[in-house]
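Asker: There's a structure below that I have some questions on.
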Amino acid sequence: MPFTYNTPEDEAAMLAAIGVGSIEELLEQVPADFRLDRPLRLPAALGEMELDAHTRRLATRNASPTSHACFLGGGAYDHFVPAVVDAIASRGEFYTSYTPYQAEVAQGNLQAMFEYQSLVTRLTGLDVSNSSLYDGATAAAEAVLMALAASKGRTEVVLPDSLHPEYRQTIATYLSNLPGQVVTLTTPHGVIEAEALRASVNEQTACVVIPQPNFFGCIEEADELTRIAHEAGALVIAAYDPISLGVLKRPGDWSGEGAGADIAVAEGQSLGSPLQYGGPYLGMLACRESLVRRIPGRIVGQTTDRRGNRCFVLTLQTREQHIRRDKATSNVCSNQGLLALRATVYLALLGPTGLRETAHLCLQKSHYLAEQLCQSGRFEKVFAAPTFKEFVLRDRQADVAGFINDGLEHGFLAGIPLGRWYPELADCVLISVTEKRTREELDRLAAIVSSTRHGDAIAAHSALQTA
Amino acid sequence: MRNIHDTQLLFDLSKPGRRALRLPTCDVPVQPIETLLPAGAIAEQAPALPELAEPQVVRHFTNLSTQNMSVDSHFYPLGSCTMKHNPKRNERAAGLAGLGDLHPYQPESTIQGMLALLYDLQEFLSEISGLPACSLQPAAGAHGELTALWVAAAYFRDRGEQRTKVLVPDSAHGTNPASAIMAGFETVTVKTLKSGAVDMEDFRAKLDDHIAVFMITNPNTVGIFEPAMRQIADEVHARGGLIYLDGANMNAILGVTRPGDFGADMQHYNPHKTFSGPHGGGGPGAGPICVTEKLASYLPAPIVVKRNDDNQAPVYSLDYERPKSIGRVRSFFGNTGVLVRAYCYIRTHGPDGLRRVSEQAVLNANYLLSRVKHFLPVPQGDRCMHEFVASAKQLKTERGVSAMDIAKRLLDFGVHAPTVYFPQTVPEALMCEPTETESKETLDAFAEMLFRITEEDPELLHTAPHTTAISRPDEVAAARQPTLCHCG
């Protein structure tokens, strides 16, 4: 019990003040037949040194983007995290505080969240942002619920296969007991086809989710798709990669400045948050002014205090569960404050030039690697559509597992097999390149492919398992 | 030392041409961007982000941080939120290379250490709850509630039962009814008595064969163990319904009793409360859920499973083959960073240590109650579990001093305020949860502050706090004419 204070003398004095003889007597509030009459079956306590050694031992049993050059993406990316981000986010005043219910002693968090919201509106070209949701998938699901509520009577949600499969699965779960049906749009060429979308939208369509870049890394024809959805009276939900906005048009500007997406959601992990095996991440959600009262989650607003000083508070709370209970826009209570803070610091460090350069490095390096891998003869590009930092390659040897194992042996997390989500792409791999990857790493990965033949890849990467 | 004058916005500090991060020059042959991307997709200019130098960024956020109260710096008895000490050893572990930097789509063979940790955590949470199956996927407490209600809906659908109602006590967290609606149920509010206990007469009047789930918080939001728990569980089960335990208050009962043993079929945990994950200024949390055997097949996929082959080290893998599963409730595995901290906390305490956490949390809360009740009535009575709710109703009537006045004045004394105006069933509520990681001295000082405040000039209290950089923001104006960004 390293974190408590009370000495036996303290306990005695406290029990006397309460008027009971023992702590057990206090616990008698729990009926006897509910009481656990044995110790919990858990491993014995570890001291700090033992815990430290134990967790380090567990860590050495894992390969990671620190030990292996990472080419994995699929919605979570190995972008560089500047030291300032970690330094700020590890200040106890930030990470051990909570939801700013008392604005007077939470101006630090509140101002940082106001700055976060401001940055998100500038990134997306939309009017308002909340102060974050759980992750990209739940942000997409919440956006779909917003759209259904806003387009009264319309019940169909158009989701393309080029949207992240786990986002589609999450949206399906959120709709599982509510009115609202998913209309699936197949994307055999890796992007949404304008004609296919036109045939899928009608007076029942509440919204269309357009990923940009999409799960395959491909650039969708967002302008045209937005026009088609809007002509049908449907709302457009953009699912974007924030790093891509260093080169790509903002969702709010698709099909013309200010005429674009109505809601924009993103996975914000790329903006300065560690990969940490899938979470916690950062769900970003911004929308048009007209939808502001339907936004889920916390929102920070600027106001003045009783002395006239500018300050910040949680606002528009009548949308929220703690006030509205069963009439709330969502059940969301917490935000991802610490991740939103990280994104704010990250964007402050990058500025417009840093974001643009980061995006350019991803763009150039990913194209270089794709070319090198295709030149080896083993791989070919699957989709003709242009890409940003990720791409899908078909393994002519149909041995994606072998490629990944070869990569591991040579110190690479080489790519993500697509067969789990797309059986027709079982011989394909999704490869992602961030600004962290060096030409030397790219050339080395390409060299492995050229030097290994089908069948060579059996040797185990077992060093990890025996560690 | 705090620099209260440095509160300009990032955008006010910006000056064209300033840079913090410099990126390496491109080491691969550069192709014109127009040859790589379609013209229509390219942005005409970069987003209007502020331009700053690194020292500015550091100073700006460091100064912002000093305007927060936090557990590291202040007593933070925010009821229902379990603002206990956040062990630094957990931060270190969660940030280790090999734990904090794993990509969610790495091959299972490369993450055996992480999967072993997560498997063990599933087992620990099941043991602590007395509910055998666990999903670590939900991202927060409210998300865990929603996930469990989806599980319940799938269970009833599978059985061909049309059940539409979720019963929720009026003292429950607002997330309970909000989650029920999102899972497609209608909510029925059940009254509670002044003591905080469920009004059994009202409960029985509302119980019928359409009940799907009774969502109960136990210990409840006034901090008492529900006296009629047995009857509630028996009667709900007799009607074919399920009991959901809102696990927000697990800090009171670790190793003392288990939800599965007192009738719960499902529960969520708030590892950021009970198991000391830091609250992050609002999040992240996590919301793992545990359920009974009959509900296990409906849990979200994947779940970590362990295979023991003869004379081999165990092999861990992710089980996606769960045909009855409700599906995914989010992307990737879960809020693993928070879960690693929870794992460390449980390993640090072991079985005896966890029980002692609850014993000390209950002792501290009862001691504080015994001191406070003499000047701020506690309607629930003389006993509580880990928290209690005092009422400033009498003070309001007699001297015009509200719970909000008291909360604001406490900030002047250098402690965070309790949760105010919740639960809504207690007028002028002040919900105090000291947690086990506070000393008798701190509790004594807090009780004395509260007493002193109740004696102070009401005018002084109405305008409190007086020592903070800002005081009493105009929330009405903020909501009426919202300014939600510094837009470019």
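Identifiers in this document derive from the order of the structure tokens: chains are assigned A, B, ..., residues are numbered from 1 separately in each chain, and ligands are numbered from 1 in order of occurrence.
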Within 6 Å of segment 291-297 of chain B, counting only C-alpha atoms, which residues qualify if same-chain residues fewer than 2 places away don't, as a PyMOL selection string?

Answerer: chain B and resi 131-133+265-266+299+324-325

Asker: Write out, as a tab-separated table (two decimals), in the first residue's frame, the residues just selected, with C-alpha atoms.

Answerer:
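File produced: out-v7.tsv:
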```
chain	number	residue	atom	x	y	z
B	131	LEU	CA	-18.17	-11.89	-13.69
B	132	PRO	CA	-16.27	-14.38	-15.82
B	133	ALA	CA	-16.05	-12.75	-19.26
B	265	ASP	CA	-25.03	-9.59	-14.90
B	266	MET	CA	-22.84	-6.90	-16.44
B	299	LEU	CA	-19.06	-9.22	-26.23
B	324	LYS	CA	-22.73	-13.75	-31.91
B	325	SER	CA	-20.59	-10.73	-31.05
```

Asker: Leaving out Cys362 of chain A and any residue of its chain fewer than 4 positions from it, which residues lie within 9 Å of it when counting only C-alpha atoms, given as an mmCIF file with N, CA and C atoms, in the first residue's frame?

Answerer:
```
data_model
loop_
_atom_site.group_PDB
_atom_site.id
_atom_site.type_symbol
_atom_site.label_atom_id
_atom_site.label_comp_id
_atom_site.auth_asym_id
_atom_site.auth_seq_id
_atom_site.Cartn_x
_atom_site.Cartn_y
_atom_site.Cartn_z
ATOM 1 N N SER A 244 -2.632 14.861 -43.879
ATOM 2 C CA SER A 244 -2.793 15.064 -45.327
ATOM 3 C C SER A 244 -3.179 16.506 -45.647
ATOM 4 N N GLU A 357 5.462 20.538 -44.874
ATOM 5 C CA GLU A 357 6.673 19.747 -45.132
ATOM 6 C C GLU A 357 6.490 18.282 -44.714
ATOM 7 N N THR A 358 5.816 18.085 -43.600
ATOM 8 C CA THR A 358 5.555 16.711 -43.148
ATOM 9 C C THR A 358 4.743 15.965 -44.201
ATOM 10 N N SER A 366 6.524 7.863 -49.847
ATOM 11 C CA SER A 366 5.652 6.721 -50.110
ATOM 12 C C SER A 366 5.648 6.401 -51.601
ATOM 13 N N HIS A 367 5.681 7.429 -52.429
ATOM 14 C CA HIS A 367 5.723 7.158 -53.867
ATOM 15 C C HIS A 367 7.047 6.507 -54.271
ATOM 16 N N PHE A 388 -1.711 9.137 -51.231
ATOM 17 C CA PHE A 388 -1.000 10.120 -50.406
ATOM 18 C C PHE A 388 0.173 9.464 -49.695
ATOM 19 N N LYS A 389 -0.021 8.843 -48.535
ATOM 20 C CA LYS A 389 1.128 8.269 -47.823
ATOM 21 C C LYS A 389 1.021 6.753 -47.672
ATOM 22 N N GLU A 390 -0.044 6.176 -48.206
ATOM 23 C CA GLU A 390 -0.255 4.743 -48.111
ATOM 24 C C GLU A 390 -0.613 4.203 -49.482
ATOM 25 N N SER A 432 2.467 1.863 -45.487
ATOM 26 C CA SER A 432 2.376 3.279 -45.144
ATOM 27 C C SER A 432 3.773 3.827 -44.909
ATOM 28 N N VAL A 433 4.005 5.042 -45.367
ATOM 29 C CA VAL A 433 5.331 5.651 -45.193
ATOM 30 C C VAL A 433 5.157 7.038 -44.573
ATOM 31 N N THR A 434 5.746 7.233 -43.423
ATOM 32 C CA THR A 434 5.695 8.555 -42.800
ATOM 33 C C THR A 434 7.006 9.289 -43.027
ATOM 34 N N GLU A 435 7.056 10.522 -42.543
ATOM 35 C CA GLU A 435 8.258 11.348 -42.685
ATOM 36 C C GLU A 435 9.444 10.768 -41.922
ATOM 37 N N LYS A 436 9.200 9.823 -41.006
ATOM 38 C CA LYS A 436 10.298 9.254 -40.217
ATOM 39 C C LYS A 436 11.151 8.264 -41.011
ATOM 40 N N ARG A 437 10.592 7.696 -42.041
ATOM 41 C CA ARG A 437 11.320 6.669 -42.782
ATOM 42 C C ARG A 437 12.402 7.299 -43.645
#
```

Asker: If you run DSSP over the backbone, which residues in segment 50-186 of chain B end up alpha helix (DSSP H)? Put them as a ChimeraX atom specification.

Answerer: /B:54-65,88-94,112-129,141-158,175-182

Asker: Which is closer to Met385 of chain B than all the others in A:Gly283, A:Glu371, A:Gln29, A:Val158, using only C-alpha atoms?

Answerer: A:Gln29

Asker: Per residue of segment 340-457 of chain A within 12 Å of segment 248-255 of chain A, note the shortest atom pair and the distance in Å to one decimal, counting only C-alpha atoms, and order the rows by chain and increasing residue number, as JSON lines.

Answerer:
```
{"residue": "A:Leu355", "atom": "CA", "partner": "A:Leu248", "partner_atom": "CA", "distance": 11.2}
{"residue": "A:Arg356", "atom": "CA", "partner": "A:Leu248", "partner_atom": "CA", "distance": 9.6}
{"residue": "A:Ala359", "atom": "CA", "partner": "A:Leu248", "partner_atom": "CA", "distance": 8.9}
{"residue": "A:His360", "atom": "CA", "partner": "A:Leu248", "partner_atom": "CA", "distance": 10.3}
{"residue": "A:Leu363", "atom": "CA", "partner": "A:Leu248", "partner_atom": "CA", "distance": 10.8}
{"residue": "A:Thr387", "atom": "CA", "partner": "A:Leu248", "partner_atom": "CA", "distance": 11.1}
{"residue": "A:Phe388", "atom": "CA", "partner": "A:Leu248", "partner_atom": "CA", "distance": 9.0}
{"residue": "A:Lys389", "atom": "CA", "partner": "A:Leu248", "partner_atom": "CA", "distance": 11.8}
```

Asker: Export N, CA and C atoms of the chosen residues as a PDB file, in the first residue's frame?

Answerer:
```pdb
ATOM      1  N   LEU A 355       3.605  21.528 -41.148  1.00  0.00           N
ATOM      2  CA  LEU A 355       2.578  20.577 -41.575  1.00  0.00           C
ATOM      3  C   LEU A 355       2.731  20.272 -43.064  1.00  0.00           C
ATOM      4  N   ARG A 356       2.983  21.338 -43.825  1.00  0.00           N
ATOM      5  CA  ARG A 356       3.140  21.161 -45.273  1.00  0.00           C
ATOM      6  C   ARG A 356       4.355  20.287 -45.576  1.00  0.00           C
ATOM      7  N   ALA A 359       3.691  16.615 -44.676  1.00  0.00           N
ATOM      8  CA  ALA A 359       2.843  15.982 -45.685  1.00  0.00           C
ATOM      9  C   ALA A 359       3.638  15.687 -46.959  1.00  0.00           C
ATOM     10  N   HIS A 360       4.486  16.631 -47.347  1.00  0.00           N
ATOM     11  CA  HIS A 360       5.286  16.432 -48.558  1.00  0.00           C
ATOM     12  C   HIS A 360       6.245  15.262 -48.411  1.00  0.00           C
ATOM     13  N   LEU A 363       4.330  12.085 -48.747  1.00  0.00           N
ATOM     14  CA  LEU A 363       3.914  11.918 -50.146  1.00  0.00           C
ATOM     15  C   LEU A 363       5.077  11.420 -51.010  1.00  0.00           C
ATOM     16  N   THR A 387      -2.350   8.332 -54.743  1.00  0.00           N
ATOM     17  CA  THR A 387      -2.309   8.041 -53.306  1.00  0.00           C
ATOM     18  C   THR A 387      -1.560   9.140 -52.570  1.00  0.00           C
ATOM     19  N   PHE A 388      -1.711   9.137 -51.231  1.00  0.00           N
ATOM     20  CA  PHE A 388      -1.000  10.120 -50.406  1.00  0.00           C
ATOM     21  C   PHE A 388       0.173   9.464 -49.695  1.00  0.00           C
ATOM     22  N   LYS A 389      -0.021   8.843 -48.535  1.00  0.00           N
ATOM     23  CA  LYS A 389       1.128   8.269 -47.823  1.00  0.00           C
ATOM     24  C   LYS A 389       1.021   6.753 -47.672  1.00  0.00           C
TER      25      LYS A 389
END
```

Asker: With a distance cut-off of 7 Å and only C-alpha atoms, select the neighbouring residues of Val188 of chain B, excluding the residue or stretch itself and same-chain residues fewer than 5 positions from it, and output the selection as a ChimeraX atom specification.

Answerer: /B:165-168

Asker: When you look at Ile299 of chain A with a cut-off of 7 Å (counting only C-alpha atoms), what residues show up, excluding the ones that are within fewer than 2 positions of it in the same chain? I need them as a count of residues only.

Answerer: 7
